[in-house]
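Q: Input run_5.tsv, format and content: TSV, C-alpha atoms.
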```tsv
chain	number	residue	atom	x	y	z
A	1361	MET	CA	15.32	23.17	-7.31
A	1362	GLU	CA	17.52	23.21	-10.38
A	1363	ALA	CA	19.43	26.18	-8.96
A	1364	LEU	CA	20.15	24.06	-5.88
A	1365	GLY	CA	21.55	21.30	-8.08
A	1366	TYR	CA	18.56	18.94	-7.98
A	1367	ARG	CA	16.91	17.23	-10.94
A	1368	PRO	CA	13.55	15.44	-11.12
A	1369	LYS	CA	13.40	11.66	-11.41
A	1370	GLN	CA	12.27	10.57	-14.83
A	1371	ALA	CA	9.98	7.96	-13.30
A	1372	ASP	CA	8.47	10.40	-10.76
A	1373	PRO	CA	8.72	14.14	-11.49
A	1374	ASP	CA	7.66	15.05	-7.92
A	1375	VAL	CA	10.85	13.48	-6.56
A	1376	TRP	CA	14.00	15.59	-6.93
A	1377	MET	CA	17.45	14.11	-6.34
A	1378	LYS	CA	21.02	15.34	-5.99
A	1379	GLN	CA	24.24	13.41	-5.53
A	1380	ALA	CA	26.18	14.21	-2.36
A	1381	HIS	CA	28.68	12.62	0.03
A	1382	ARG	CA	28.21	11.40	3.56
A	1383	ARG	CA	30.55	12.42	6.36
A	1384	ASP	CA	32.64	9.30	5.75
A	1385	GLY	CA	33.02	10.21	2.06
A	1386	GLU	CA	30.55	7.62	0.72
A	1387	PRO	CA	28.48	8.97	-2.20
A	1388	TYR	CA	24.69	8.91	-1.95
A	1389	TYR	CA	21.61	10.75	-3.23
A	1390	LYS	CA	19.64	13.43	-1.41
A	1391	TYR	CA	15.91	13.34	-2.11
A	1392	MET	CA	13.34	16.09	-1.90
A	1393	LEU	CA	9.70	15.01	-2.39
A	1394	ILE	CA	7.54	18.00	-3.31
A	1395	TYR	CA	3.73	17.91	-3.35
A	1396	VAL	CA	2.23	21.38	-3.85
A	1397	ASP	CA	3.44	23.19	-0.70
A	1398	ASP	CA	4.54	20.11	1.27
A	1399	VAL	CA	8.18	19.03	1.19
A	1400	LEU	CA	9.65	15.79	2.55
A	1401	TYR	CA	13.43	15.98	2.55
A	1402	ILE	CA	15.75	12.97	2.97
A	1403	ALA	CA	19.42	13.72	3.54
A	1404	GLU	CA	22.19	13.15	6.06
A	1405	ASN	CA	22.44	16.90	6.75
A	1406	PRO	CA	19.05	18.41	5.78
A	1407	GLU	CA	19.68	21.83	7.39
A	1408	GLU	CA	22.06	22.92	4.62
A	1409	ASP	CA	19.68	22.87	1.64
A	1410	MET	CA	16.61	23.71	3.74
A	1411	ALA	CA	18.33	26.95	4.75
A	1412	LYS	CA	18.88	27.76	1.07
A	1413	LEU	CA	15.24	26.92	0.34
A	1414	GLY	CA	14.18	29.15	3.22
A	1415	ARG	CA	15.88	32.14	1.62
A	1416	ALA	CA	13.66	31.75	-1.45
A	1417	TYR	CA	10.39	30.74	0.28
A	1418	ARG	CA	8.83	31.37	3.66
A	1419	LEU	CA	8.92	28.06	5.53
A	1420	LYS	CA	6.81	27.12	8.53
A	1421	ASP	CA	8.39	27.32	11.95
A	1422	SER	CA	7.66	23.60	12.49
A	1423	VAL	CA	10.32	22.38	10.07
A	1424	GLY	CA	11.78	19.19	11.50
A	1425	PRO	CA	11.41	15.40	11.53
A	1426	PRO	CA	8.03	14.44	10.00
A	1427	ASP	CA	5.19	13.32	12.24
A	1428	ARG	CA	2.27	13.56	9.78
A	1429	TYR	CA	1.78	12.65	6.12
A	1430	LEU	CA	-1.54	13.37	4.38
A	1431	GLY	CA	-3.37	12.77	7.66
A	1432	GLY	CA	-1.32	9.72	8.70
A	1433	ASN	CA	0.92	9.35	11.75
A	1434	ILE	CA	4.66	8.96	11.12
A	1435	GLU	CA	7.03	7.96	13.90
A	1436	LYS	CA	10.21	6.03	14.56
A	1437	VAL	CA	9.90	2.62	16.21
A	1438	GLN	CA	12.33	-0.02	17.40
A	1439	THR	CA	12.17	-3.34	15.54
A	1440	GLU	CA	12.61	-6.81	17.03
A	1441	ASP	CA	16.32	-6.88	16.17
A	1442	GLY	CA	16.91	-3.58	17.97
A	1443	SER	CA	17.24	-1.38	14.89
A	1444	VAL	CA	15.18	1.78	14.36
A	1445	ALA	CA	12.80	2.25	11.42
A	1446	TRP	CA	10.07	4.65	10.35
A	1447	SER	CA	6.43	3.62	10.65
A	1448	LEU	CA	3.10	4.79	9.22
A	1449	SER	CA	-0.34	4.48	10.80
A	1450	CYS	CA	-3.76	6.13	10.64
A	1451	TYR	CA	-4.42	5.98	14.37
A	1452	ASP	CA	-5.63	9.59	14.80
A	1453	TYR	CA	-7.52	9.53	11.50
A	1454	LEU	CA	-9.44	6.36	12.37
A	1455	ASN	CA	-10.16	7.50	15.93
A	1456	ASN	CA	-11.86	10.60	14.55
A	1457	ALA	CA	-13.66	8.55	11.87
A	1458	VAL	CA	-14.98	6.01	14.40
A	1459	LYS	CA	-16.18	8.83	16.66
A	1460	GLN	CA	-17.98	10.42	13.68
A	1461	VAL	CA	-19.75	7.14	12.87
A	1462	GLN	CA	-20.70	6.64	16.52
A	1463	ASP	CA	-22.18	10.16	16.65
A	1464	GLU	CA	-24.21	9.50	13.47
A	1465	LEU	CA	-25.56	6.25	14.92
A	1466	SER	CA	-26.41	7.81	18.28
A	1467	GLU	CA	-28.65	10.35	16.47
A	1468	ARG	CA	-30.75	7.34	15.38
A	1469	ASN	CA	-30.59	5.69	18.82
A	1470	LEU	CA	-28.10	3.12	17.55
A	1471	SER	CA	-24.55	2.15	18.59
A	1472	LEU	CA	-21.57	0.30	17.17
A	1473	LYS	CA	-21.91	-2.19	20.03
A	1474	GLN	CA	-24.85	-3.88	18.33
A	1475	PHE	CA	-22.93	-4.69	15.13
A	1476	GLY	CA	-21.37	-8.05	15.93
A	1477	THR	CA	-18.47	-8.99	18.15
A	1478	GLY	CA	-15.87	-7.06	16.17
A	1479	LEU	CA	-13.58	-10.09	15.90
A	1480	ARG	CA	-13.82	-9.95	12.09
A	1481	PRO	CA	-14.77	-7.12	9.69
A	1482	TYR	CA	-17.76	-9.30	8.77
A	1483	PRO	CA	-18.42	-13.07	8.68
A	1484	SER	CA	-16.67	-14.98	5.88
A	1485	SER	CA	-20.06	-16.42	4.94
A	1486	TYR	CA	-21.44	-12.97	4.02
A	1487	ARG	CA	-21.54	-12.31	0.27
A	1488	PRO	CA	-22.31	-8.67	-0.66
A	1489	GLU	CA	-23.05	-9.59	-4.29
A	1490	VAL	CA	-26.07	-11.74	-3.37
A	1491	ASP	CA	-27.51	-9.41	-0.72
A	1492	VAL	CA	-31.20	-8.79	-1.58
A	1493	ILE	CA	-32.19	-6.67	1.41
A	1494	GLN	CA	-33.91	-3.35	0.70
A	1495	VAL	CA	-32.04	-0.76	-1.37
A	1496	LEU	CA	-30.89	2.25	0.67
A	1497	ASP	CA	-32.60	5.61	0.32
A	1498	LYS	CA	-30.69	8.67	-0.88
A	1499	GLU	CA	-29.56	9.76	2.59
A	1500	LYS	CA	-28.26	6.33	3.63
A	1501	THR	CA	-26.65	5.80	0.22
A	1502	ASN	CA	-24.67	9.00	0.72
A	1503	ARG	CA	-23.67	7.84	4.22
A	1504	PHE	CA	-22.55	4.45	2.85
A	1505	GLN	CA	-20.45	6.08	0.12
A	1506	GLN	CA	-18.80	8.49	2.57
A	1507	GLN	CA	-17.89	5.69	4.97
A	1508	ILE	CA	-16.42	3.58	2.15
A	1509	VAL	CA	-14.21	6.55	1.21
A	1510	ILE	CA	-13.04	6.80	4.85
A	1511	LEU	CA	-12.20	3.09	4.92
A	1512	ARG	CA	-10.36	3.20	1.61
A	1513	TRP	CA	-8.24	6.11	2.82
A	1514	ALA	CA	-7.42	4.12	5.96
A	1515	ILE	CA	-6.29	1.27	3.70
A	1516	GLU	CA	-3.92	3.68	1.93
A	1517	PHE	CA	-2.29	4.18	5.35
A	1518	GLY	CA	-1.76	0.46	5.79
A	1519	ARG	CA	-4.97	-1.08	7.17
A	1520	VAL	CA	-4.46	-4.13	4.96
A	1521	ASP	CA	-6.61	-6.23	7.32
A	1522	ILE	CA	-9.79	-4.74	5.81
A	1523	LEU	CA	-8.57	-4.49	2.20
A	1524	MET	CA	-10.42	-7.50	0.76
A	1525	GLU	CA	-13.77	-6.72	2.41
A	1526	VAL	CA	-13.75	-3.02	1.52
A	1527	SER	CA	-12.84	-3.88	-2.07
A	1528	CYS	CA	-15.88	-6.17	-2.34
A	1529	LEU	CA	-18.24	-3.60	-0.79
A	1530	SER	CA	-16.89	-0.85	-3.05
A	1531	GLN	CA	-18.43	-2.68	-5.99
A	1532	HIS	CA	-21.89	-1.64	-4.71
A	1533	LEU	CA	-21.45	2.13	-4.44
A	1534	ALA	CA	-24.09	2.82	-7.11
A	1535	GLU	CA	-26.92	0.82	-5.48
A	1536	PRO	CA	-26.05	-0.21	-1.92
A	1537	ARG	CA	-28.46	-2.16	0.25
A	1538	GLU	CA	-29.20	-2.26	3.97
A	1539	GLY	CA	-26.94	-5.30	4.37
A	1540	HIS	CA	-24.03	-3.43	2.79
A	1541	LEU	CA	-24.39	-0.54	5.24
A	1542	ILE	CA	-24.55	-2.98	8.16
A	1543	ALA	CA	-21.35	-4.61	6.86
A	1544	VAL	CA	-19.63	-1.20	6.80
A	1545	HIS	CA	-20.70	-0.54	10.38
A	1546	LYS	CA	-19.26	-3.91	11.37
A	1547	ARG	CA	-15.96	-2.77	9.89
A	1548	PHE	CA	-15.95	0.29	12.10
A	1549	LYS	CA	-16.82	-1.89	15.10
A	1550	TYR	CA	-13.86	-4.13	14.21
A	1551	LEU	CA	-11.50	-1.14	13.80
A	1552	ASN	CA	-12.71	0.43	17.04
A	1553	LEU	CA	-11.75	-2.71	18.99
A	1554	ARG	CA	-8.40	-3.01	17.21
A	1555	LEU	CA	-7.50	0.63	17.94
A	1556	LYS	CA	-7.87	-0.03	21.65
A	1557	SER	CA	-5.16	-2.70	21.55
A	1558	SER	CA	-2.83	-1.57	18.74
A	1559	LYS	CA	-2.14	1.38	16.45
A	1560	GLY	CA	-2.02	-0.94	13.45
A	1561	ARG	CA	1.14	0.63	12.06
A	1562	ILE	CA	3.24	-0.45	9.07
A	1563	VAL	CA	6.98	-0.50	9.77
A	1564	PHE	CA	9.31	0.25	6.86
A	1565	ASN	CA	12.16	-2.04	7.86
A	1566	GLY	CA	15.06	-1.85	5.42
A	1567	LYS	CA	16.60	-5.18	6.46
A	1568	SER	CA	16.54	-7.98	3.86
A	1569	MET	CA	14.19	-10.92	4.31
A	1570	VAL	CA	15.53	-14.40	4.90
A	1571	ILE	CA	13.91	-16.59	2.25
A	1572	ASP	CA	14.10	-20.37	2.30
A	1573	SER	CA	14.87	-21.17	-1.35
A	1574	ALA	CA	13.90	-24.80	-0.81
A	1575	ILE	CA	10.19	-23.89	-1.10
A	1576	PHE	CA	10.67	-22.83	-4.73
A	1577	ASN	CA	10.99	-25.10	-7.72
A	1578	TYR	CA	13.41	-23.11	-9.86
A	1579	PHE	CA	13.37	-23.66	-13.60
A	1580	ASN	CA	16.50	-24.15	-15.62
A	1581	ARG	CA	16.85	-21.03	-17.77
A	1582	GLU	CA	18.65	-22.95	-20.48
A	1583	GLU	CA	15.57	-25.11	-21.05
A	1584	TRP	CA	13.54	-22.03	-22.00
A	1585	MET	CA	16.09	-20.34	-24.25
A	1586	ASP	CA	14.72	-22.17	-27.28
A	1587	PHE	CA	11.31	-20.60	-26.72
A	1588	TYR	CA	12.35	-17.13	-25.53
A	1589	SER	CA	15.86	-16.69	-26.92
A	1590	ASP	CA	15.41	-12.93	-27.44
A	1591	ALA	CA	13.70	-12.22	-24.09
A	1592	ARG	CA	15.34	-9.27	-22.34
A	1593	GLU	CA	14.11	-6.92	-19.68
A	1594	GLU	CA	13.70	-3.47	-21.20
A	1595	LEU	CA	15.94	-1.00	-19.39
A	1596	PRO	CA	15.08	2.71	-19.17
A	1597	ILE	CA	17.47	5.21	-20.68
A	1598	ARG	CA	19.36	7.90	-18.76
A	1599	MET	CA	19.48	5.92	-15.51
A	1600	PRO	CA	21.50	7.61	-12.73
A	1601	GLU	CA	24.64	6.01	-11.35
A	1602	PRO	CA	23.58	3.25	-8.90
A	1603	LEU	CA	24.60	3.96	-5.30
A	1604	GLY	CA	23.78	2.43	-1.94
A	1605	ASN	CA	22.92	-1.13	-1.02
A	1606	PRO	CA	21.15	-3.75	-3.14
A	1607	VAL	CA	17.45	-4.29	-2.48
A	1608	GLN	CA	15.22	-7.33	-2.53
A	1609	VAL	CA	11.76	-7.23	-4.16
A	1610	ILE	CA	9.32	-9.85	-2.89
A	1611	ALA	CA	5.78	-10.32	-4.16
A	1612	TYR	CA	2.98	-12.36	-2.60
A	1613	VAL	CA	0.16	-12.99	-5.07
A	1614	ASP	CA	-2.97	-15.12	-5.11
A	1615	ALA	CA	-6.55	-15.26	-6.42
A	1616	ASN	CA	-9.76	-16.85	-5.16
A	1617	HIS	CA	-11.27	-18.65	-8.15
A	1618	SER	CA	-14.90	-17.60	-8.80
A	1619	GLY	CA	-14.95	-15.69	-5.53
A	1620	ASN	CA	-17.92	-13.65	-6.69
A	1621	ILE	CA	-20.89	-16.06	-6.54
A	1622	LYS	CA	-23.08	-13.92	-8.80
A	1623	THR	CA	-20.67	-13.10	-11.65
A	1624	ARG	CA	-18.18	-15.98	-11.08
A	1625	ARG	CA	-15.30	-13.53	-11.32
A	1626	SER	CA	-12.17	-14.13	-9.29
A	1627	HIS	CA	-10.49	-11.64	-6.98
A	1628	THR	CA	-6.78	-10.79	-7.15
A	1629	GLY	CA	-4.68	-10.04	-4.08
A	1630	VAL	CA	-1.09	-8.73	-4.18
A	1631	LEU	CA	1.42	-7.72	-1.49
A	1632	VAL	CA	4.79	-6.29	-2.55
A	1633	TYR	CA	7.76	-5.74	-0.26
A	1634	ILE	CA	11.09	-3.99	-0.72
A	1635	ASN	CA	13.26	-5.82	1.79
A	1636	GLN	CA	10.97	-5.99	4.85
A	1637	ALA	CA	9.02	-2.85	3.97
A	1638	SER	CA	5.51	-3.41	2.62
A	1639	ILE	CA	4.93	-0.78	-0.08
A	1640	ILE	CA	2.10	-2.07	-2.31
A	1641	TRP	CA	-1.15	-3.79	-1.31
A	1642	TYR	CA	-3.73	-4.52	-3.99
A	1643	SER	CA	-7.13	-6.22	-3.99
A	1644	LYS	CA	-9.45	-6.06	-6.99
A	1645	ARG	CA	-11.98	-8.09	-8.92
A	1646	GLN	CA	-10.66	-9.57	-12.16
A	1647	ASN	CA	-12.13	-8.37	-15.47
A	1648	THR	CA	-12.62	-11.85	-16.92
A	1649	VAL	CA	-14.34	-15.08	-15.89
A	1650	GLU	CA	-11.86	-17.93	-15.71
A	1651	ALA	CA	-12.84	-21.59	-16.06
A	1652	SER	CA	-10.22	-22.91	-13.66
A	1653	SER	CA	-8.24	-21.99	-10.57
A	1654	PHE	CA	-5.09	-22.08	-12.72
A	1655	GLY	CA	-6.56	-19.42	-15.02
A	1656	SER	CA	-7.47	-17.06	-12.19
A	1657	LYS	CA	-4.05	-17.41	-10.55
A	1658	TYR	CA	-2.34	-16.90	-13.91
A	1659	ILE	CA	-4.27	-13.62	-14.38
A	1660	ALA	CA	-3.26	-12.57	-10.87
A	1661	LEU	CA	0.39	-13.34	-11.64
A	1662	ARG	CA	0.21	-11.25	-14.82
A	1663	ILE	CA	-1.21	-8.28	-12.87
A	1664	CYS	CA	1.51	-8.67	-10.25
A	1665	THR	CA	4.23	-8.89	-12.92
A	1666	GLU	CA	3.08	-5.62	-14.49
A	1667	MET	CA	3.22	-3.96	-11.06
A	1668	LEU	CA	6.75	-5.23	-10.51
A	1669	GLU	CA	7.90	-4.04	-13.93
A	1670	ALA	CA	6.69	-0.52	-13.08
A	1671	LEU	CA	8.32	-0.75	-9.63
A	1672	ARG	CA	11.65	-1.90	-11.04
A	1673	TYR	CA	11.51	0.99	-13.52
A	1674	LYS	CA	11.06	3.45	-10.65
A	1675	LEU	CA	13.75	1.86	-8.52
A	1676	ARG	CA	16.26	2.11	-11.32
A	1677	PHE	CA	15.99	5.87	-10.94
A	1678	SER	CA	16.75	5.62	-7.25
A	1679	GLU	CA	20.01	5.01	-5.43
A	1680	SER	CA	19.78	1.24	-4.98
A	1681	GLN	CA	22.23	-0.94	-6.83
A	1682	TRP	CA	20.55	-3.24	-9.28
A	1683	ARG	CA	21.47	-6.59	-7.88
A	1684	VAL	CA	17.82	-7.22	-7.18
A	1685	GLN	CA	16.43	-10.56	-6.13
A	1686	LEU	CA	12.87	-10.87	-7.42
A	1687	ILE	CA	10.72	-13.48	-5.69
A	1688	TYR	CA	7.17	-14.59	-6.39
A	1689	TYR	CA	5.47	-16.47	-3.59
A	1690	ALA	CA	2.00	-17.97	-4.01
A	1691	ILE	CA	-0.07	-18.14	-0.86
A	1692	THR	CA	-3.29	-20.04	-0.32
A	1693	ALA	CA	-6.42	-17.91	-0.05
A	1694	GLN	CA	-8.26	-18.29	3.26
```
Starting from the file, give its structure as C-alpha cells.

A:
Amino acid sequence: MEALGYRPKQADPDVWMKQAHRRDGEPYYKYMLIYVDDVLYIAENPEEDMAKLGRAYRLKDSVGPPDRYLGGNIEKVQTEDGSVAWSLSCYDYLNNAVKQVQDELSERNLSLKQFGTGLRPYPSSYRPEVDVIQVLDKEKTNRFQQQIVILRWAIEFGRVDILMEVSCLSQHLAEPREGHLIAVHKRFKYLNLRLKSSKGRIVFNGKSMVIDSAIFNYFNREEWMDFYSDAREELPIRMPEPLGNPVQVIAYVDANHSGNIKTRRSHTGVLVYINQASIIWYSKRQNTVEASSFGSKYIALRICTEMLEALRYKLRFSESQWRVQLIYYAITAQ
C-alpha cells in the first residue's frame, strides 16, 4: 500500500488513503478499506490502482461494485429526492436465520405462528428482569444464546427496531428462563412478518438534514466563559488537509429512568447521524442507579458526548472539511 502511495489513517489503521484529483481537477482522497483479505475501494477511477494491486496479489474474478459486506446486502437505491445512495440490509441473513429457527421449532412440533401476532417484538408490559418462569436446561440455554447472537448481528446491519429489546434480553445470557426464550421467538416472528413487506434497509444518504433551530434553546457562550474560560476541544496532531464538503453530525439521545424494575437502573439509547446517514445506534443499561430522570438523562448525554468526541476525531482524518454542525436532540422515550 505504501508503494502505491497510500498511508493508513491514524484514527483507523485499516483505512488507507491517498490524495488524488477528479476528472474536473478537484482534489479528493481515495480510500482503501482492508480487512484481512477483503478490500473495499472508494475512488472515482478504481480500475487504475486495482490493476496495480492485481499485479502483486491474485484477485478474485468478481471484482466490481460491492453487493455483500460481512454477510449483509449492499445495493444502490433511489431516495425520495431522486438522488442515488448506497444502502445496507440483512435481508438474506435474516431469511436464513428465520428458516433455521422455524426448522428447530418444527422438530419439537412447534411453529413461529403461535408466538403472538408479530406486530411488536414483544409486549411493552413484558419485563425480562422480573421473569420467574423455570430456568432453561443446558440445551435450551445454548439455543437461546445462539439466537441472541443472530439477533445482535442483525442489529449491526441496521435492525434498530429490535435494538432495545435484544439489549434487555442479552442481560440474561448466563441464566435464561423459559419466558426469555419465548420472547426471542416472538422477535423472530416479528422479523419474519417484516421481511415479507420490507427489506428493512438503512440508506446512507449524504444530503444534509434540515433542522428547525427554533426547537433548541441555545445558550450564550459568553455567559459560560467565566466558568470554562480555558475550555478547548483537543485537536489531534498530523491531521490531513481537509477536502470535500462539510458534514453535519446529529445525535439523538435519551434514557428511561429506572427502566429496570429489579435493579432500578436506567437504559441509555443513542442514534448518531452524519448528514442523513445513520452510522451509530447504541442501547445499553447504565452502570449506576440515578435518583432522578435528570440524572439518568445526564449520564446518557455524557455517554453520547464521548461517542461524538471519538467520531469527530475519526472524521478529522477523513476528507470532510471541519465546518461541522453538532446537534444534540433529546427525544421522549416511548

Q: Write out as a tab-separated table the residues of segment 1517-1548 of chain A that have any atom within 10 Å of an atom of segment 1561-1564 of chain A, one row each with the nearest atom pair and its distance in Å to one decimal, counting only C-alpha atoms, sorted by chain and then rising number.

A:
```
residue	atom	partner	partner_atom	distance
A:Phe1517	CA	A:Ile1562	CA	8.1
A:Gly1518	CA	A:Ile1562	CA	6.0
A:Arg1519	CA	A:Arg1561	CA	8.0
A:Val1520	CA	A:Ile1562	CA	9.5
```

Q: Based on the selection just made, write C-alpha atoms of those residues as a short mmCIF file (atom, residue, chain, number, x, y, z; two decimals), keeping the file's coordinate frame.

A:
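What ended up in out14.cif:
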```
data_model
loop_
_atom_site.label_atom_id
_atom_site.label_comp_id
_atom_site.auth_asym_id
_atom_site.auth_seq_id
_atom_site.Cartn_x
_atom_site.Cartn_y
_atom_site.Cartn_z
CA PHE A 1517 -2.29 4.18 5.35
CA GLY A 1518 -1.76 0.46 5.79
CA ARG A 1519 -4.97 -1.08 7.17
CA VAL A 1520 -4.46 -4.13 4.96
#
```

Q: Measuring atom to atom with only C-alpha atoms, identify which of A:Ala1371, A:Ala1457, A:Val1649, A:Leu1472 is nearest to Val1509 of chain A.

A: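 Between A:Ala1371, A:Ala1457, A:Val1649, A:Leu1472, the residue approaching Val1509 of chain A most closely is A:Ala1457.
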
Q: List as a ChimeraX atom specification the protein and nucleic acid residues near Met1667 of chain A, meaning an atom at most 12 Å away when all atoms listed in the file are counted, but skip any in the same chain fewer than 3 places from it.

A: /A:1609-1613,1630-1633,1639-1642,1660-1664,1670-1674

Q: Grab the atom CA of Val1399 of chain A to atom CA of Gln1506 of chain A distance for me, in Å with one decimal place.

A: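 About the pair atom CA of Val1399 of chain A and atom CA of Gln1506 of chain A: they are 29.0 Å apart.
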
Q: Write out as a list in words each polymer residue whose atoms come within 9 Å of Leu1511 of chain A, counting all atoms listed in the file; drop sequence neighbours fewer than 2 positions from it.

A: Leu1454, Ala1457, Gln1506, Gln1507, Ile1508, Val1509, Trp1513, Ala1514, Ile1515, Glu1516, Arg1519, Ile1522, Leu1523, Val1526, Val1544, Arg1547 and Phe1548 of chain A

Q: Can you tell me which residues surround segment 1361-1363 of chain A at a distance of at most 10 Å, considering only C-alpha atoms, apart from same-chain residues fewer than 6 positions away, and format the answer as a list in words?

A: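 The neighbour list is Trp1376, Met1377, Lys1378, Met1392, Asp1409 and Leu1413 of chain A.
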
Q: For segment 1567-1589 of chain A, supply N, CA and C atoms and report the output as a CSV table (one decimal), keeping the file's coordinate frame.

A:
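Dumped to out.csv:
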```csv
chain,number,residue,atom,x,y,z
A,1567,LYS,N,15.8,-3.9,6.4
A,1567,LYS,CA,16.6,-5.2,6.5
A,1567,LYS,C,16.1,-6.2,5.4
A,1568,SER,N,16.9,-7.0,4.8
A,1568,SER,CA,16.5,-8.0,3.9
A,1568,SER,C,15.8,-9.1,4.5
A,1569,MET,N,14.9,-9.8,3.8
A,1569,MET,CA,14.2,-10.9,4.3
A,1569,MET,C,15.1,-12.2,4.1
A,1570,VAL,N,14.9,-13.1,5.0
A,1570,VAL,CA,15.5,-14.4,4.9
A,1570,VAL,C,14.5,-15.4,4.3
A,1571,ILE,N,14.8,-15.8,3.0
A,1571,ILE,CA,13.9,-16.6,2.2
A,1571,ILE,C,14.5,-18.0,2.1
A,1572,ASP,N,13.7,-19.0,2.4
A,1572,ASP,CA,14.1,-20.4,2.3
A,1572,ASP,C,13.9,-20.8,0.8
A,1573,SER,N,15.0,-20.9,0.1
A,1573,SER,CA,14.9,-21.2,-1.4
A,1573,SER,C,14.4,-22.6,-1.6
A,1574,ALA,N,14.3,-23.4,-0.6
A,1574,ALA,CA,13.9,-24.8,-0.8
A,1574,ALA,C,12.4,-24.9,-1.1
A,1575,ILE,N,11.6,-23.8,-0.8
A,1575,ILE,CA,10.2,-23.9,-1.1
A,1575,ILE,C,9.9,-23.6,-2.5
A,1576,PHE,N,10.9,-23.2,-3.3
A,1576,PHE,CA,10.7,-22.8,-4.7
A,1576,PHE,C,11.2,-23.9,-5.6
A,1577,ASN,N,10.5,-24.2,-6.7
A,1577,ASN,CA,11.0,-25.1,-7.7
A,1577,ASN,C,11.5,-24.2,-8.9
A,1578,TYR,N,12.8,-24.0,-8.9
A,1578,TYR,CA,13.4,-23.1,-9.9
A,1578,TYR,C,13.5,-23.8,-11.2
A,1579,PHE,N,13.2,-23.1,-12.3
A,1579,PHE,CA,13.4,-23.7,-13.6
A,1579,PHE,C,14.8,-23.4,-14.1
A,1580,ASN,N,15.2,-24.3,-15.0
A,1580,ASN,CA,16.5,-24.2,-15.6
A,1580,ASN,C,16.3,-23.2,-16.8
A,1581,ARG,N,17.0,-22.0,-16.7
A,1581,ARG,CA,16.8,-21.0,-17.8
A,1581,ARG,C,17.2,-21.6,-19.1
A,1582,GLU,N,18.2,-22.4,-19.2
A,1582,GLU,CA,18.6,-23.0,-20.5
A,1582,GLU,C,17.5,-23.7,-21.2
A,1583,GLU,N,16.6,-24.3,-20.4
A,1583,GLU,CA,15.6,-25.1,-21.0
A,1583,GLU,C,14.6,-24.2,-21.8
A,1584,TRP,N,14.5,-22.9,-21.4
A,1584,TRP,CA,13.5,-22.0,-22.0
A,1584,TRP,C,14.2,-21.1,-23.1
A,1585,MET,N,15.4,-21.2,-23.3
A,1585,MET,CA,16.1,-20.3,-24.2
A,1585,MET,C,15.6,-20.6,-25.7
A,1586,ASP,N,15.2,-21.9,-25.9
A,1586,ASP,CA,14.7,-22.2,-27.3
A,1586,ASP,C,13.4,-21.5,-27.6
A,1587,PHE,N,12.6,-21.2,-26.5
A,1587,PHE,CA,11.3,-20.6,-26.7
A,1587,PHE,C,11.4,-19.1,-26.6
A,1588,TYR,N,12.3,-18.6,-25.7
A,1588,TYR,CA,12.4,-17.1,-25.5
A,1588,TYR,C,13.8,-16.7,-25.6
A,1589,SER,N,14.4,-17.0,-26.7
A,1589,SER,CA,15.9,-16.7,-26.9
A,1589,SER,C,16.2,-15.2,-26.9
```
